[in-house]
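Structure file start_31.pdb (PDB, C-alpha atoms) is printed below.
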```pdb
ATOM      1  CA  MET A   1       3.687  -4.593  25.317  1.00  0.00           C
ATOM      2  CA  ARG A   2       5.584  -1.363  25.814  1.00  0.00           C
ATOM      3  CA  LEU A   3       4.682   1.716  23.831  1.00  0.00           C
ATOM      4  CA  ILE A   4       8.022   1.781  22.029  1.00  0.00           C
ATOM      5  CA  HIS A   5       7.321  -1.697  20.612  1.00  0.00           C
ATOM      6  CA  VAL A   6       3.914  -0.629  19.317  1.00  0.00           C
ATOM      7  CA  ARG A   7       5.452   2.473  17.754  1.00  0.00           C
ATOM      8  CA  ASN A   8       8.193   0.383  16.108  1.00  0.00           C
ATOM      9  CA  ILE A   9       5.595  -1.974  14.627  1.00  0.00           C
ATOM     10  CA  LEU A  10       3.570   0.963  13.283  1.00  0.00           C
ATOM     11  CA  ASN A  11       6.696   2.547  11.780  1.00  0.00           C
ATOM     12  CA  THR A  12       7.665  -0.746  10.159  1.00  0.00           C
ATOM     13  CA  LEU A  13       4.197  -1.115   8.662  1.00  0.00           C
ATOM     14  CA  PHE A  14       4.372   2.464   7.400  1.00  0.00           C
ATOM     15  CA  ILE A  15       7.693   1.879   5.652  1.00  0.00           C
ATOM     16  CA  ILE A  16       6.635  -1.434   4.084  1.00  0.00           C
ATOM     17  CA  VAL A  17       3.262  -0.194   2.832  1.00  0.00           C
ATOM     18  CA  ALA A  18       4.760   3.083   1.566  1.00  0.00           C
ATOM     19  CA  ALA A  19       7.436   1.146  -0.336  1.00  0.00           C
ATOM     20  CA  ILE A  20       4.766  -1.061  -1.898  1.00  0.00           C
ATOM     21  CA  GLY A  21       2.816   2.044  -2.843  1.00  0.00           C
ATOM     22  CA  MET A  22       5.869   3.631  -4.440  1.00  0.00           C
ATOM     23  CA  TYR A  23       6.538   0.470  -6.431  1.00  0.00           C
ATOM     24  CA  MET A  24       2.936   0.397  -7.584  1.00  0.00           C
ATOM     25  CA  TYR A  25       3.085   4.078  -8.499  1.00  0.00           C
ATOM     26  CA  TYR A  26       6.029   3.626 -10.826  1.00  0.00           C
ATOM     27  CA  LYS A  27       5.157   0.184 -12.202  1.00  0.00           C
ATOM     28  CA  GLY A  28       1.381  -0.020 -12.112  1.00  0.00           C
ATOM     29  CA  ASN A  29      -1.793   1.888 -11.570  1.00  0.00           C
ATOM     30  CA  ARG A  30      -1.034   5.342 -10.158  1.00  0.00           C
ATOM     31  CA  GLU A  31      -4.506   5.910  -8.727  1.00  0.00           C
ATOM     32  CA  THR A  32      -4.447   2.689  -6.695  1.00  0.00           C
ATOM     33  CA  ALA A  33      -0.884   3.412  -5.586  1.00  0.00           C
ATOM     34  CA  THR A  34      -1.938   6.820  -4.321  1.00  0.00           C
ATOM     35  CA  TYR A  35      -4.565   5.176  -2.109  1.00  0.00           C
ATOM     36  CA  VAL A  36      -1.986   2.682  -0.818  1.00  0.00           C
ATOM     37  CA  ILE A  37       0.402   5.512   0.082  1.00  0.00           C
ATOM     38  CA  ILE A  38      -2.398   7.406   1.826  1.00  0.00           C
ATOM     39  CA  ALA A  39      -3.227   4.242   3.778  1.00  0.00           C
ATOM     40  CA  SER A  40       0.413   3.957   4.856  1.00  0.00           C
ATOM     41  CA  MET A  41       0.241   7.523   6.119  1.00  0.00           C
ATOM     42  CA  ALA A  42      -2.560   6.420   8.461  1.00  0.00           C
ATOM     43  CA  PHE A  43      -0.064   4.144  10.263  1.00  0.00           C
ATOM     44  CA  LYS A  44       2.329   7.060  10.650  1.00  0.00           C
ATOM     45  CA  PHE A  45      -0.439   9.329  11.918  1.00  0.00           C
ATOM     46  CA  VAL A  46      -1.417   6.795  14.606  1.00  0.00           C
ATOM     47  CA  GLU A  47       2.238   6.491  15.644  1.00  0.00           C
ATOM     48  CA  LEU A  48       2.519  10.269  15.834  1.00  0.00           C
ATOM     49  CA  CYS A  49      -0.584  10.516  17.998  1.00  0.00           C
ATOM     50  CA  LEU A  50       0.785   7.892  20.386  1.00  0.00           C
ATOM     51  CA  ARG A  51       4.071   9.764  20.580  1.00  0.00           C
ATOM     52  CA  ILE A  52       2.349  13.059  21.356  1.00  0.00           C
ATOM     53  CA  ILE A  53      -0.211  11.667  23.829  1.00  0.00           C
ATOM     54  CA  TYR A  54       2.140   9.502  25.873  1.00  0.00           C
ATOM     55  CA  LYS A  55       5.327  11.620  25.611  1.00  0.00           C
ATOM     56  CA  ASP A  56       7.564   8.510  25.500  1.00  0.00           C
ATOM     57  CA  ASN A  57       7.604   7.399  29.114  1.00  0.00           C
ATOM     58  CA  ASP A  58       9.680   4.331  28.132  1.00  0.00           C
TER      59      ASP A  58
END
```
What does the file become when written as structure tokens?
Amino acid sequence: MRLIHVRNILNTLFIIVAAIGMYMYYKGNRETATYVIIASMAFKFVELCLRIIYKDND
């Protein structure tokens, strides 16, 4: 699997989990939603590290 595909999957996961966290924040428990949003940021951080380390050789 090429790096760009892995990065796209990580970005998609980030967007989906962040959207779920935002929904939870406004409709449910704000503390739990904050943890969900922080977890989504972990996907983005991994994607960023891959982008920096491999410099997009695709």
So that I can check the surroundings of Met41 in chain A, please list as a PyMOL selection string every protein, DNA and RNA residue that reaches within 9 Å of it, counting only C-alpha atoms and ignoring chain neighbours fewer than 5 positions away.
chain A and resi 14+17-18+36+46
Fewer than 5 positions away in the same chain doesn't count, so skip those; otherwise give me all residues within 10 Å of Gly21 in chain A, counting all atoms listed in the file, as a list in words.
Ile15, Ile16, Tyr26, Lys27, Gly28, Asn29, Arg30, Thr32, Ala33, Thr34, Tyr35, Val36, Ile37, Ile38, Ala39 and Ser40 of chain A
Report, in Å with one decimal, the straight-line distance from CA of Glu31 in chain A to CA of Cys49 in chain A.
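Here the two named atoms are 27.4 Å from each other.
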Determine the residue membership of the PyMOL selection byres ((chain A and resi 47) around 9) for the file above and supply it as a PDB file with C-alpha atoms, in the frame of the given file.
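Saved to out-v4.pdb:
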```
ATOM      1  CA  VAL A   6       3.914  -0.629  19.317  1.00  0.00           C
ATOM      2  CA  ARG A   7       5.452   2.473  17.754  1.00  0.00           C
ATOM      3  CA  ASN A   8       8.193   0.383  16.108  1.00  0.00           C
ATOM      4  CA  LEU A  10       3.570   0.963  13.283  1.00  0.00           C
ATOM      5  CA  ASN A  11       6.696   2.547  11.780  1.00  0.00           C
ATOM      6  CA  ALA A  42      -2.560   6.420   8.461  1.00  0.00           C
ATOM      7  CA  PHE A  43      -0.064   4.144  10.263  1.00  0.00           C
ATOM      8  CA  LYS A  44       2.329   7.060  10.650  1.00  0.00           C
ATOM      9  CA  PHE A  45      -0.439   9.329  11.918  1.00  0.00           C
ATOM     10  CA  VAL A  46      -1.417   6.795  14.606  1.00  0.00           C
ATOM     11  CA  LEU A  48       2.519  10.269  15.834  1.00  0.00           C
ATOM     12  CA  CYS A  49      -0.584  10.516  17.998  1.00  0.00           C
ATOM     13  CA  LEU A  50       0.785   7.892  20.386  1.00  0.00           C
ATOM     14  CA  ARG A  51       4.071   9.764  20.580  1.00  0.00           C
ATOM     15  CA  ILE A  52       2.349  13.059  21.356  1.00  0.00           C
TER      16      ILE A  52
END
```
